[in-house]
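**Q** Structure: model34.txt, compact mmCIF, C-alpha atoms.
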# COMPACT_ATOMS: atom_id res chain seq x y z
CA MET A 1 24.08 -1.57 8.74
CA PHE A 2 26.95 -4.08 8.63
CA LYS A 3 29.72 -3.78 6.06
CA HIS A 4 28.70 -6.94 4.19
CA GLU A 5 25.10 -5.66 3.97
CA LYS A 6 26.27 -2.38 2.49
CA GLN A 7 28.30 -4.27 -0.08
CA GLU A 8 25.31 -6.47 -0.87
CA ILE A 9 23.16 -3.42 -1.59
CA THR A 10 25.73 -1.62 -3.75
CA ASP A 11 26.29 -4.84 -5.73
CA TYR A 12 22.56 -5.15 -6.29
CA LEU A 13 22.22 -1.52 -7.41
CA LYS A 14 24.91 -2.19 -10.03
CA LYS A 15 22.97 -5.27 -11.22
CA PHE A 16 19.79 -3.20 -11.25
CA ARG A 17 21.40 -0.73 -13.62
CA GLN A 18 22.55 -3.56 -15.91
CA THR A 19 19.12 -5.22 -15.95
CA SER A 20 17.40 -1.91 -16.65
CA LYS A 21 19.32 -1.57 -19.92
CA TRP A 22 17.31 -4.28 -21.62
CA ILE A 23 13.86 -3.46 -20.23
CA ASP A 24 11.81 -1.10 -22.39
CA LEU A 25 9.51 0.66 -19.94
CA GLU A 26 7.95 2.63 -22.78
CA SER A 27 6.54 -0.65 -24.12
CA LEU A 28 4.83 -1.27 -20.78
CA TRP A 29 3.25 2.18 -20.54
CA PRO A 30 3.58 5.19 -22.86
CA GLY A 31 6.04 7.72 -21.45
CA PHE A 32 7.18 5.50 -18.57
CA LYS A 33 10.88 5.92 -17.85
CA PHE A 34 13.43 4.95 -15.23
CA PHE A 35 13.69 6.88 -11.97
CA PRO A 36 16.38 6.60 -9.27
CA VAL A 37 15.99 3.79 -6.72
CA ALA A 38 16.97 3.57 -3.05
CA ILE A 39 17.39 0.75 -0.54
CA TYR A 40 17.68 1.67 3.12
CA ASP A 41 17.53 0.63 6.75
CA ASN A 42 17.18 2.85 9.85
CA GLU A 43 20.83 3.91 9.58
CA ASP A 44 21.85 4.09 5.92
CA VAL A 45 20.37 4.91 2.52
CA PHE A 46 21.89 3.79 -0.78
CA ILE A 47 20.65 5.44 -3.98
CA GLY A 48 21.30 4.16 -7.49
CA ASN A 49 20.74 5.57 -10.98
CA TYR A 50 20.75 9.06 -9.45
CA LYS A 51 21.73 12.20 -11.35
CA GLY A 52 19.90 14.92 -9.41
CA ASN A 53 20.81 17.38 -6.67
CA MET A 54 23.83 15.96 -4.82
CA GLN A 55 23.26 17.87 -1.58
CA GLY A 56 23.81 15.58 1.42
CA LEU A 57 25.04 12.65 -0.68
CA ASP A 58 28.40 10.86 -0.72
CA SER A 59 29.42 9.31 -4.04
CA LEU A 60 30.38 5.61 -4.08
CA GLY A 61 31.01 5.57 -7.83
CA ASP A 62 28.91 4.03 -10.63
CA ASP A 63 26.13 6.57 -10.01
CA ILE A 64 25.57 5.11 -6.53
CA TYR A 65 25.32 7.41 -3.51
CA HIS A 66 25.06 7.08 0.24
CA LYS A 67 23.47 9.18 2.95
CA LYS A 68 22.38 8.77 6.53
CA TRP A 69 18.80 7.64 7.01
CA GLU A 70 16.03 10.17 7.62
CA PRO A 71 12.30 9.53 8.26
CA VAL A 72 11.21 10.36 4.70
CA PHE A 73 12.72 6.98 3.77
CA SER A 74 9.91 4.86 5.20
CA GLY A 75 7.98 2.00 3.65
CA CYS A 76 8.16 0.76 0.07
CA THR A 77 6.85 3.61 -2.07
CA SER A 78 7.92 6.63 -4.09
CA ILE A 79 9.11 9.87 -2.50
CA LYS A 80 10.47 13.25 -3.56
CA PHE A 81 14.07 13.83 -2.47
CA ASN A 82 16.29 16.76 -3.49
CA ASP A 83 13.78 17.65 -6.24
CA SER A 84 13.94 14.11 -7.69
CA PHE A 85 11.42 11.30 -7.42
CA LEU A 86 12.85 8.08 -5.96
CA ALA A 87 11.49 4.54 -5.81
CA ILE A 88 12.39 3.29 -2.33
CA CYS A 89 12.30 -0.02 -0.48
CA ASP A 90 13.60 -1.09 2.92
CA TYR A 91 16.43 -3.59 3.36
CA LYS A 92 14.15 -6.03 5.20
CA SER A 93 11.90 -6.35 2.14
CA PHE A 94 14.98 -6.72 -0.06
CA LYS A 95 16.22 -9.66 2.03
CA GLU A 96 12.81 -11.29 2.38
CA THR A 97 12.23 -11.27 -1.38
CA ASN A 98 15.44 -13.27 -1.90
CA ASP A 99 15.00 -13.12 -5.69
CA ASN A 100 16.82 -10.46 -7.71
CA GLU A 101 14.36 -10.63 -10.61
CA ARG A 102 11.35 -10.45 -8.31
CA PHE A 103 12.81 -7.51 -6.40
CA PHE A 104 13.59 -5.76 -9.68
CA SER A 105 9.90 -5.96 -10.61
CA LEU A 106 8.92 -4.66 -7.14
CA MET A 107 11.18 -1.65 -7.59
CA ILE A 108 9.63 -1.02 -11.01
CA HIS A 109 6.25 -1.10 -9.21
CA GLU A 110 7.42 1.68 -6.87
CA MET A 111 9.02 3.48 -9.82
CA PHE A 112 5.63 3.53 -11.55
CA HIS A 113 4.29 5.47 -8.56
CA ALA A 114 6.97 8.09 -9.25
CA PHE A 115 5.73 8.19 -12.83
CA GLN A 116 2.11 8.59 -11.70
CA ILE A 117 3.09 11.53 -9.50
CA SER A 118 5.17 13.14 -12.25
CA GLU A 119 2.18 12.82 -14.58
CA GLU A 120 0.05 14.57 -11.91
CA TYR A 121 -2.55 11.81 -11.74
CA LYS A 122 -4.85 12.85 -8.91
CA MET A 123 -7.16 9.91 -8.23
CA TRP A 124 -5.28 8.50 -5.24
CA ALA A 125 -7.17 6.72 -2.49
CA ASN A 126 -7.78 8.57 0.74
CA GLU A 127 -6.20 6.13 3.19
CA PHE A 128 -8.44 7.40 5.98
CA ASP A 129 -11.39 5.92 4.09
CA ILE A 130 -10.36 2.46 5.26
CA LEU A 131 -11.89 3.50 8.59
CA LYS A 132 -15.26 3.76 6.83
CA TYR A 133 -14.97 0.38 5.15
CA ARG A 134 -17.90 -1.94 5.87
CA PHE A 135 -16.63 -5.41 6.73
CA THR A 136 -20.08 -6.99 6.67
CA GLY A 137 -20.65 -10.53 5.51
CA GLU A 138 -22.65 -9.20 2.57
CA ASN A 139 -19.91 -6.84 1.40
CA ILE A 140 -17.27 -9.54 1.73
CA TYR A 141 -19.37 -12.02 -0.23
CA LEU A 142 -20.32 -9.61 -3.02
CA ARG A 143 -16.72 -8.48 -3.49
CA LYS A 144 -15.56 -12.08 -3.81
CA GLU A 145 -18.25 -12.79 -6.40
CA GLU A 146 -17.55 -9.71 -8.52
CA THR A 147 -13.83 -10.46 -8.45
CA LYS A 148 -14.50 -14.02 -9.60
CA TYR A 149 -16.31 -12.72 -12.70
CA LEU A 150 -13.51 -10.22 -13.43
CA VAL A 151 -10.80 -12.88 -13.22
CA ASN A 152 -12.84 -15.30 -15.33
CA ALA A 153 -13.27 -12.58 -17.98
CA TYR A 154 -9.49 -12.28 -18.17
CA PHE A 155 -8.75 -16.00 -18.51
CA GLU A 156 -11.71 -16.91 -20.75
CA LYS A 157 -10.60 -17.46 -24.37
CA SER A 158 -14.09 -17.16 -25.86
CA GLU A 159 -14.89 -13.47 -26.38
CA GLN A 160 -18.60 -14.14 -25.99
CA MET A 161 -18.14 -15.82 -22.61
CA SER A 162 -15.55 -13.25 -21.52
CA ARG A 163 -17.99 -10.44 -22.21
CA GLU A 164 -20.71 -12.31 -20.34
CA TYR A 165 -18.42 -12.57 -17.33
CA LEU A 166 -17.81 -8.82 -17.58
CA ASN A 167 -21.57 -8.18 -17.61
CA GLN A 168 -21.79 -10.11 -14.34
CA PHE A 169 -18.81 -8.24 -12.93
CA PHE A 170 -20.37 -4.85 -13.70
CA THR A 171 -23.70 -6.02 -12.30
CA PHE A 172 -22.18 -6.95 -8.96
CA ARG A 173 -19.85 -3.92 -8.79
CA GLU A 174 -22.63 -1.44 -9.58
CA ARG A 175 -25.03 -2.97 -7.09
CA ARG A 176 -22.37 -3.09 -4.39
CA TYR A 177 -21.51 0.54 -5.19
CA GLU A 178 -25.12 1.45 -4.33
CA ILE A 179 -25.10 -0.49 -1.04
CA TYR A 180 -21.55 0.25 0.16
CA PRO A 181 -20.38 3.44 -1.60
CA GLU A 182 -17.56 4.29 0.86
CA SER A 183 -16.10 0.80 0.56
CA VAL A 184 -16.12 0.77 -3.24
CA ILE A 185 -14.70 4.30 -3.51
CA TYR A 186 -11.79 3.26 -1.30
CA GLU A 187 -11.20 0.19 -3.47
CA MET A 188 -11.37 2.17 -6.71
CA GLY A 189 -8.68 4.58 -5.54
CA ASN A 190 -6.27 1.79 -4.76
CA GLU A 191 -7.14 -0.14 -7.91
CA SER A 192 -6.23 2.98 -9.88
CA ILE A 193 -2.86 3.55 -8.18
CA GLU A 194 -1.70 0.21 -6.82
CA GLY A 195 -3.54 -1.93 -9.35
CA THR A 196 -1.89 -0.31 -12.35
CA ALA A 197 1.50 -0.49 -10.61
CA THR A 198 0.93 -4.21 -9.92
CA TYR A 199 0.01 -4.66 -13.59
CA ILE A 200 3.37 -3.09 -14.55
CA GLU A 201 5.13 -5.19 -11.90
CA ASN A 202 3.59 -8.40 -13.27
CA LYS A 203 4.63 -7.60 -16.83
CA THR A 204 8.13 -6.66 -15.67
CA TYR A 205 8.61 -9.86 -13.67
CA SER A 206 7.59 -11.89 -16.70
CA ALA A 207 10.04 -9.95 -18.88
CA VAL A 208 13.06 -10.54 -16.60
CA SER A 209 12.23 -14.12 -15.57
CA ALA A 210 11.26 -17.36 -17.26
CA TYR A 211 7.62 -17.10 -16.10
CA PRO A 212 4.86 -16.41 -18.66
CA GLU A 213 2.59 -13.48 -17.87
CA MET A 214 -0.50 -15.68 -17.84
CA PHE A 215 1.10 -18.00 -15.28
CA LEU A 216 2.03 -15.12 -12.97
CA SER A 217 -1.48 -13.72 -13.29
CA GLY A 218 -2.88 -17.12 -12.34
CA VAL A 219 -0.74 -17.23 -9.21
CA ARG A 220 -1.97 -13.79 -8.22
CA SER A 221 -5.60 -14.71 -8.88
CA ARG A 222 -5.40 -17.18 -6.01
CA GLN A 223 -4.98 -14.20 -3.68
CA ILE A 224 -8.46 -12.86 -4.39
CA LEU A 225 -10.66 -15.76 -5.53
CA SER A 226 -11.19 -17.09 -2.03
CA TYR A 227 -11.99 -15.46 1.27
CA PRO A 228 -8.88 -13.92 2.84
CA ASP A 229 -7.64 -15.10 6.21
CA TYR A 230 -7.54 -11.51 7.36
CA ILE A 231 -10.15 -9.38 5.57
CA SER A 232 -9.00 -6.09 7.10
CA LYS A 233 -6.13 -6.17 4.63
CA ILE A 234 -8.59 -5.38 1.87
CA ARG A 235 -6.09 -2.87 0.48
CA TYR A 236 -3.86 -5.71 -0.69
CA GLY A 237 -6.74 -7.31 -2.58
CA THR A 238 -7.30 -4.11 -4.55
CA TYR A 239 -3.80 -4.46 -6.04
CA TYR A 240 -4.97 -7.56 -7.87
CA SER A 241 -8.48 -6.50 -8.80
CA GLY A 242 -6.90 -3.35 -10.29
CA MET A 243 -4.32 -5.46 -12.13
CA PHE A 244 -7.02 -7.64 -13.70
CA LEU A 245 -9.02 -4.55 -14.66
CA ALA A 246 -5.95 -3.28 -16.53
CA TYR A 247 -5.46 -6.60 -18.31
CA VAL A 248 -9.10 -6.82 -19.37
CA MET A 249 -8.90 -3.27 -20.68
CA ASP A 250 -5.89 -4.30 -22.78
CA ARG A 251 -8.21 -6.78 -24.46
CA TYR A 252 -11.24 -4.59 -25.01
CA ILE A 253 -10.00 -0.97 -25.03
CA PRO A 254 -6.77 -0.87 -27.07
CA GLY A 255 -4.74 2.26 -26.40
CA TRP A 256 -6.38 2.99 -23.05
CA LYS A 257 -3.01 3.72 -21.46
CA ASP A 258 -2.45 6.65 -23.82
CA ASP A 259 -4.83 8.92 -21.96
CA PHE A 260 -5.90 7.25 -18.70
CA LEU A 261 -3.51 9.20 -16.45
CA ASN A 262 -4.77 12.46 -17.97
CA GLU A 263 -8.34 11.73 -16.90
CA ASP A 264 -9.72 12.60 -13.46
CA MET A 265 -11.31 9.17 -13.26
CA TYR A 266 -10.72 6.01 -11.30
CA LEU A 267 -9.62 2.99 -13.30
CA TYR A 268 -13.03 1.35 -12.91
CA GLU A 269 -14.82 4.56 -13.92
CA TYR A 270 -12.63 4.85 -17.02
CA PHE A 271 -13.42 1.26 -18.00
CA LYS A 272 -17.11 1.77 -17.34
CA SER A 273 -17.19 4.92 -19.50
CA ARG A 274 -15.61 3.21 -22.50
CA TYR A 275 -17.02 -0.31 -22.43
CA LYS A 276 -20.59 -1.22 -23.36
CA PHE A 277 -21.94 -3.65 -20.79
CA GLU A 278 -25.32 -5.07 -19.83
CA ILE A 279 -26.64 -5.20 -16.27
CA LYS A 280 -27.95 -8.68 -15.50
CA ASN A 281 -30.38 -9.96 -12.89
CA PHE A 282 -28.87 -9.52 -9.46
CA ASN A 283 -29.62 -12.60 -7.38
CA TYR A 284 -27.47 -13.93 -4.58
CA ASN A 285 -27.50 -15.77 -1.28
CA ILE A 286 -24.83 -14.68 1.19
CA ASP A 287 -22.48 -17.48 2.07
CA GLU A 288 -22.53 -18.22 5.81
CA LYS A 289 -18.76 -18.40 5.59
CA ALA A 290 -18.69 -14.68 4.77
CA GLU A 291 -20.77 -13.86 7.85
CA GLU A 292 -18.51 -16.01 10.00
CA ILE A 293 -15.38 -14.32 8.66
CA SER A 294 -16.90 -10.90 9.34
CA ARG A 295 -17.60 -11.77 12.98
CA GLU A 296 -14.19 -13.34 13.50
CA ASP A 297 -12.39 -10.39 11.95
CA ILE A 298 -14.07 -7.84 14.21
CA THR A 299 -13.21 -9.94 17.27
CA TYR A 300 -9.63 -10.40 16.05
CA ARG A 301 -9.00 -6.69 15.45
CA ASN A 302 -10.55 -5.56 18.73
CA GLY A 303 -8.55 -8.22 20.58
CA LEU A 304 -5.21 -7.11 19.13
CA ILE A 305 -5.87 -3.48 19.95
CA GLU A 306 -6.96 -4.20 23.54
CA ARG A 307 -3.94 -6.43 24.13
CA TYR A 308 -1.64 -3.69 22.95
CA LYS A 309 -3.31 -1.11 25.21
CA ASN A 310 -2.85 -3.46 28.17
CA SER A 311 0.62 -4.69 27.24
CA GLU A 312 3.40 -4.93 29.76
CA GLY A 313 6.23 -2.45 29.61
CA TYR A 314 6.24 1.33 29.67
CA ASN A 315 3.41 3.20 27.97
CA VAL A 316 4.03 6.72 26.70
CA ILE A 317 0.71 8.55 26.25
CA ILE A 318 0.83 11.69 24.10
CA LYS A 319 -2.20 13.96 23.82
CA ASN A 320 -3.30 16.30 21.02
CA ALA A 321 -1.04 15.70 18.03
CA PHE A 322 -1.43 15.77 14.26
CA LEU A 323 -1.00 12.76 11.98
CA ARG A 324 1.49 13.35 9.18
CA GLY A 325 1.79 9.85 7.69
CA PHE A 326 1.47 6.12 8.33
CA ASP A 327 1.96 2.78 6.58
CA PRO A 328 -1.52 1.77 5.31
CA MET A 329 -0.36 -1.78 4.56
CA ASN A 330 0.44 -2.49 8.21
CA ILE A 331 -2.40 -1.25 10.40
CA ILE A 332 -5.13 -2.76 12.57
CA PHE A 333 -8.15 -0.58 13.31
CA ASN A 334 -11.56 -0.67 14.95
CA GLU A 335 -14.84 1.23 14.92
CA LYS A 336 -13.58 3.55 17.66
CA GLN A 337 -11.13 5.10 15.17
CA GLU A 338 -8.21 3.52 17.01
CA ILE A 339 -5.34 2.49 14.72
CA LEU A 340 -2.63 0.05 15.75
CA ASN A 341 0.47 0.61 13.62
CA LEU A 342 2.62 -2.45 13.00
CA ASN A 343 5.44 -0.58 11.28
CA PHE A 344 5.71 3.21 11.67
CA PHE A 345 3.88 6.51 11.59
CA TYR A 346 4.68 10.25 11.66
CA PHE A 347 3.09 12.82 13.90
CA GLU A 348 3.48 16.48 14.75
CA LYS A 349 3.19 17.99 18.22
CA ASP A 350 3.81 21.63 19.12
CA GLY A 351 5.26 22.30 15.69
CA ILE A 352 7.82 19.45 15.87
CA ASN A 353 7.69 16.36 13.64
CA TYR A 354 8.35 12.91 15.13
CA TYR A 355 8.81 9.47 13.63
CA ALA A 356 7.50 6.53 15.71
CA TYR A 357 9.15 3.27 14.71
CA GLY A 358 7.64 -0.08 15.72
CA ASN A 359 4.21 -0.89 17.11
CA SER A 360 2.16 2.05 18.32
CA LEU A 361 -1.48 3.05 18.65
CA PHE A 362 -3.33 6.29 18.12
CA LYS A 363 -6.96 7.40 18.20
CA LEU A 364 -8.21 9.88 15.64
CA ARG A 365 -10.52 12.64 16.77
CA GLU A 366 -11.12 13.69 13.19
CA GLU A 367 -9.19 13.29 9.98
CA GLY A 368 -5.58 14.23 10.66
CA LYS A 369 -6.06 15.13 14.33
CA ILE A 370 -4.93 12.65 16.96
CA GLU A 371 -6.71 12.52 20.32
CA TYR A 372 -4.02 10.39 21.92
CA ILE A 373 -1.03 8.19 21.09
CA ILE A 374 0.01 5.14 23.09
CA TYR A 375 3.58 4.04 22.48
CA SER A 376 4.66 0.92 24.36
CA THR A 377 8.35 0.26 24.96
CA ASP A 378 10.41 -2.13 27.05
CA THR A 379 12.90 0.65 27.82
CA GLU A 380 11.99 3.11 30.56
CA PRO A 381 11.66 6.67 29.20
CA VAL A 382 14.09 9.25 30.59
CA ILE A 383 12.63 12.56 31.78
CA ASN A 384 14.83 15.62 31.34
CA ASP A 385 14.14 19.34 31.83
CA ASN A 386 11.75 19.91 28.94
CA TYR A 387 11.65 16.66 27.01
CA VAL A 388 11.24 12.91 27.41
CA GLU A 389 13.64 10.50 25.74
CA VAL A 390 11.64 7.56 24.33
CA ASN A 391 13.31 4.57 22.71
CA GLY A 392 11.92 4.25 19.17
CA ILE A 393 10.87 7.91 18.86
CA GLY A 394 13.65 10.05 20.31
CA ASN A 395 13.39 13.19 22.41
CA ILE A 396 9.81 14.43 22.72
CA LYS A 397 9.34 18.01 23.82
CA ALA A 398 7.10 18.11 26.88
CA ASN A 399 5.36 21.01 28.58
CA SER A 400 4.58 18.68 31.45
CA VAL A 401 4.98 14.99 32.26
CA LYS A 402 2.89 12.95 34.68
CA THR A 403 3.84 9.41 35.65
CA GLU A 404 1.53 6.75 37.00
CA ASN A 405 2.96 3.27 37.50
CA LYS A 406 4.54 2.54 34.09
CA ASN A 407 2.52 5.18 32.24
CA PHE A 408 4.13 8.44 31.12
CA TYR A 409 1.58 11.15 30.21
CA ILE A 410 3.09 13.90 28.00
CA GLU A 411 1.28 17.20 27.51
Would you write out, as structure tokens, the structure that this file holds?

**A**
Amino acid sequence: MFKHEKQEITDYLKKFRQTSKWIDLESLWPGFKFFPVAIYDNEDVFIGNYKGNMQGLDSLGDDIYHKKWEPVFSGCTSIKFNDSFLAICDYKSFKETNDNERFFSLMIHEMFHAFQISEEYKMWANEFDILKYRFTGENIYLRKEETKYLVNAYFEKSEQMSREYLNQFFTFRERRYEIYPESVIYEMGNESIEGTATYIENKTYSAVSAYPEMFLSGVRSRQILSYPDYISKIRYGTYYSGMFLAYVMDRYIPGWKDDFLNEDMYLYEYFKSRYKFEIKNFNYNIDEKAEEISREDITYRNGLIERYKNSEGYNVIIKNAFLRGFDPMNIIFNEKQEILNLNFFYFEKDGINYYAYGNSLFKLREEGKIEYIIYSTDTEPVINDNYVEVNGIGNIKANSVKTENKNFYIE
């Protein structure tokens, strides 16, 4: 990281601390408090508002610390570091946001994940379930319709009409749950975790900016009221459906936040258990547009994966490894259980953990077990006595290496 970038981050962390003084997190969610925050790239990590174990940290003053990057600092999320929970975000996201108030709300989003973990909420989505998601035209259409009713229930001023919209929402969600249980379960997990964090993020952004909450909610509603350009990123849509669930619950279940995190229930299940609704007649005609999008999406995903497998450059093929983590927001996958990573993933082989940065592909044999990894690089790998040096991964221990054209097979 360049000197001016380091200064930019430390300056922001000081501003973050100042802004945090006049935001009452307790008013957003009972018991919610500030956690340390970190901004990093693949060389440096800067941590602010930190008062935990100082092992491995260099003080820069003003409760700001520096350390060299390590793989645990990956993605925008919450992690446990030196027995403290941190909200983390990469420098690229920081620069792309280009709005201090917006980025502040994003960090509060990640901070809320630290709070969820500290409260031992257990209803997280199983990210492997995305591989079971049914991207049929019917599922796509029904999800769009149910979301429309949910959003309308939030914006509708008339309580009678709002409740009628909720009846329609529950009708579509319950019916879709019967037809596509794996898909809805995956959505409910992310609505519970990411949706509530997005709800907190939206309220925070309104508090630190000049934008009314209702306006920001309206902007976000545009993300889910029409068919997405790329339906495989269904995970992103659950952020907003979960957010609107939380807002509707504010209206009809006062005090729901007092005990939700103590319940072993998804957000939708909690709402369903505490709100009296009426199932309506379930009639629909699938929009041809939904069927078209389904076909195009399957073709698009398969095409990207095949192009990567046949890309020019050097391909490192690693057999029999274990998946230890990946970025669920940046993956392409197909029905063969092949996953193309567009950011990073972790894997373990022969008891050693590796971090693969950049585009890579792996095929799952079963949950957590990798049949093979294909890592494409423009730099020729270097074979040494018992390891292979791969740009973007590092030194991979190898019992044997076989080369064929530009393919390097590591056993």

**Q** Compare A:Gln160, A:Gln337, A:Asn283, A:Ser84 by their minimum atom-to-atom distance to Leu131 in chain A, counting all atoms listed in the file, and give me the closest one.

**A**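 Nearest candidate to Leu131 in chain A out of A:Gln160, A:Gln337, A:Asn283, A:Ser84: A:Gln337.
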
**Q** Find the residue from A:Tyr121, A:Phe2, A:Phe32, A:Phe345 that sits nearest to Phe260 in chain A; use only C-alpha atoms when measuring.

**A**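 Using only C-alpha atoms, the shortest distance to Phe260 in chain A belongs to A:Tyr121.
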
**Q** Taking the point (4.0, 7.5, -23.8) as given in the file, collect each protein or nucleic acid residue that comes within 12 Å of it, counting all atoms listed in the file, and present the set as number ranges by chain.

**A** A: 24-33, 115, 119, 255-262

**Q** Check the smallest atom-to-atom distance from each of A:His113, A:Lys3, A:Arg365, A:Arg173 to Lys80 in chain A using only C-alpha atoms, then report the winner.

**A**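 That would be A:His113, the residue with the smallest distance to Lys80 in chain A.
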
**Q** List as a ChimeraX atom specification: which residues have an atom within 6 Å of (-4.6, 16.5, 19.1), counting all atoms listed in the file?

**A** /A:319-322,369-371

**Q** Let me make sure I understand: among A:Asn302, A:Ser183, A:Asn49, A:Asn391, which one has the smallest atom-to-atom distance to Thr136 in chain A if we use all atoms listed in the file?

**A**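 Between A:Asn302, A:Ser183, A:Asn49, A:Asn391, the residue approaching Thr136 in chain A most closely is A:Ser183.
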
**Q** Closest to Lys363 in chain A among A:Ser311, A:Gln168, A:Asn407, A:Asn334, using all atoms listed in the file?

**A**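 Checking each of A:Ser311, A:Gln168, A:Asn407, A:Asn334 against Lys363 in chain A, counting all atoms listed in the file, the winner is A:Asn334.
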
**Q** Closest to Gln223 in chain A among A:Val388, A:Thr147, A:Ser294, A:Ile383, using all atoms listed in the file?

**A**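 Answer, going by the shortest atom-to-atom distance: A:Thr147.
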
**Q** In Å, how far is it from CA of Glu201 in chain A to CA of Leu13 in chain A?

**A**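 Rounded to one decimal, the two atoms are 18.0 Å apart.
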
**Q** Could you pull the residues within 10 Å of Phe94 in chain A, counting all atoms listed in the file, minus those fewer than 2 positions along the same chain, as a PyMOL selection string?

**A** chain A and resi 9+12+39-40+89-92+96-100+102-104+106-107

**Q** Just want the 12 Å neighbourhood of Tyr268 in chain A, counted on only C-alpha atoms, with same-chain residues fewer than 2 positions away dropped. Output as an mmCIF file with C-alpha atoms, keeping the file's coordinate frame.

**A**
data_model
loop_
_atom_site.group_PDB
_atom_site.id
_atom_site.type_symbol
_atom_site.label_atom_id
_atom_site.label_comp_id
_atom_site.auth_asym_id
_atom_site.auth_seq_id
_atom_site.Cartn_x
_atom_site.Cartn_y
_atom_site.Cartn_z
ATOM 1 C CA MET A 123 -7.160 9.910 -8.230
ATOM 2 C CA LEU A 150 -13.510 -10.220 -13.430
ATOM 3 C CA PHE A 169 -18.810 -8.240 -12.930
ATOM 4 C CA PHE A 170 -20.370 -4.850 -13.700
ATOM 5 C CA ARG A 173 -19.850 -3.920 -8.790
ATOM 6 C CA GLU A 174 -22.630 -1.440 -9.580
ATOM 7 C CA TYR A 177 -21.510 0.540 -5.190
ATOM 8 C CA VAL A 184 -16.120 0.770 -3.240
ATOM 9 C CA ILE A 185 -14.700 4.300 -3.510
ATOM 10 C CA TYR A 186 -11.790 3.260 -1.300
ATOM 11 C CA GLU A 187 -11.200 0.190 -3.470
ATOM 12 C CA MET A 188 -11.370 2.170 -6.710
ATOM 13 C CA GLY A 189 -8.680 4.580 -5.540
ATOM 14 C CA ASN A 190 -6.270 1.790 -4.760
ATOM 15 C CA GLU A 191 -7.140 -0.140 -7.910
ATOM 16 C CA SER A 192 -6.230 2.980 -9.880
ATOM 17 C CA ILE A 193 -2.860 3.550 -8.180
ATOM 18 C CA GLY A 195 -3.540 -1.930 -9.350
ATOM 19 C CA THR A 196 -1.890 -0.310 -12.350
ATOM 20 C CA THR A 238 -7.300 -4.110 -4.550
ATOM 21 C CA SER A 241 -8.480 -6.500 -8.800
ATOM 22 C CA GLY A 242 -6.900 -3.350 -10.290
ATOM 23 C CA MET A 243 -4.320 -5.460 -12.130
ATOM 24 C CA PHE A 244 -7.020 -7.640 -13.700
ATOM 25 C CA LEU A 245 -9.020 -4.550 -14.660
ATOM 26 C CA ALA A 246 -5.950 -3.280 -16.530
ATOM 27 C CA VAL A 248 -9.100 -6.820 -19.370
ATOM 28 C CA MET A 249 -8.900 -3.270 -20.680
ATOM 29 C CA PHE A 260 -5.900 7.250 -18.700
ATOM 30 C CA ASP A 264 -9.720 12.600 -13.460
ATOM 31 C CA MET A 265 -11.310 9.170 -13.260
ATOM 32 C CA TYR A 266 -10.720 6.010 -11.300
ATOM 33 C CA TYR A 270 -12.630 4.850 -17.020
ATOM 34 C CA PHE A 271 -13.420 1.260 -18.000
ATOM 35 C CA LYS A 272 -17.110 1.770 -17.340
ATOM 36 C CA SER A 273 -17.190 4.920 -19.500
ATOM 37 C CA ARG A 274 -15.610 3.210 -22.500
ATOM 38 C CA TYR A 275 -17.020 -0.310 -22.430
#

**Q** To one decimal place in Å, what is the distance between CA of Gly358 in chain A and CA of Asn310 in chain A?

**A**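 So the answer is 16.6 Å.
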
**Q** Quick check, in Å to one decimal: how far apart do CA of Glu8 in chain A and CA of Ser78 in chain A lie?

**A**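 Separating CA of Glu8 in chain A from CA of Ser78 in chain A is a distance of 22.0 Å.
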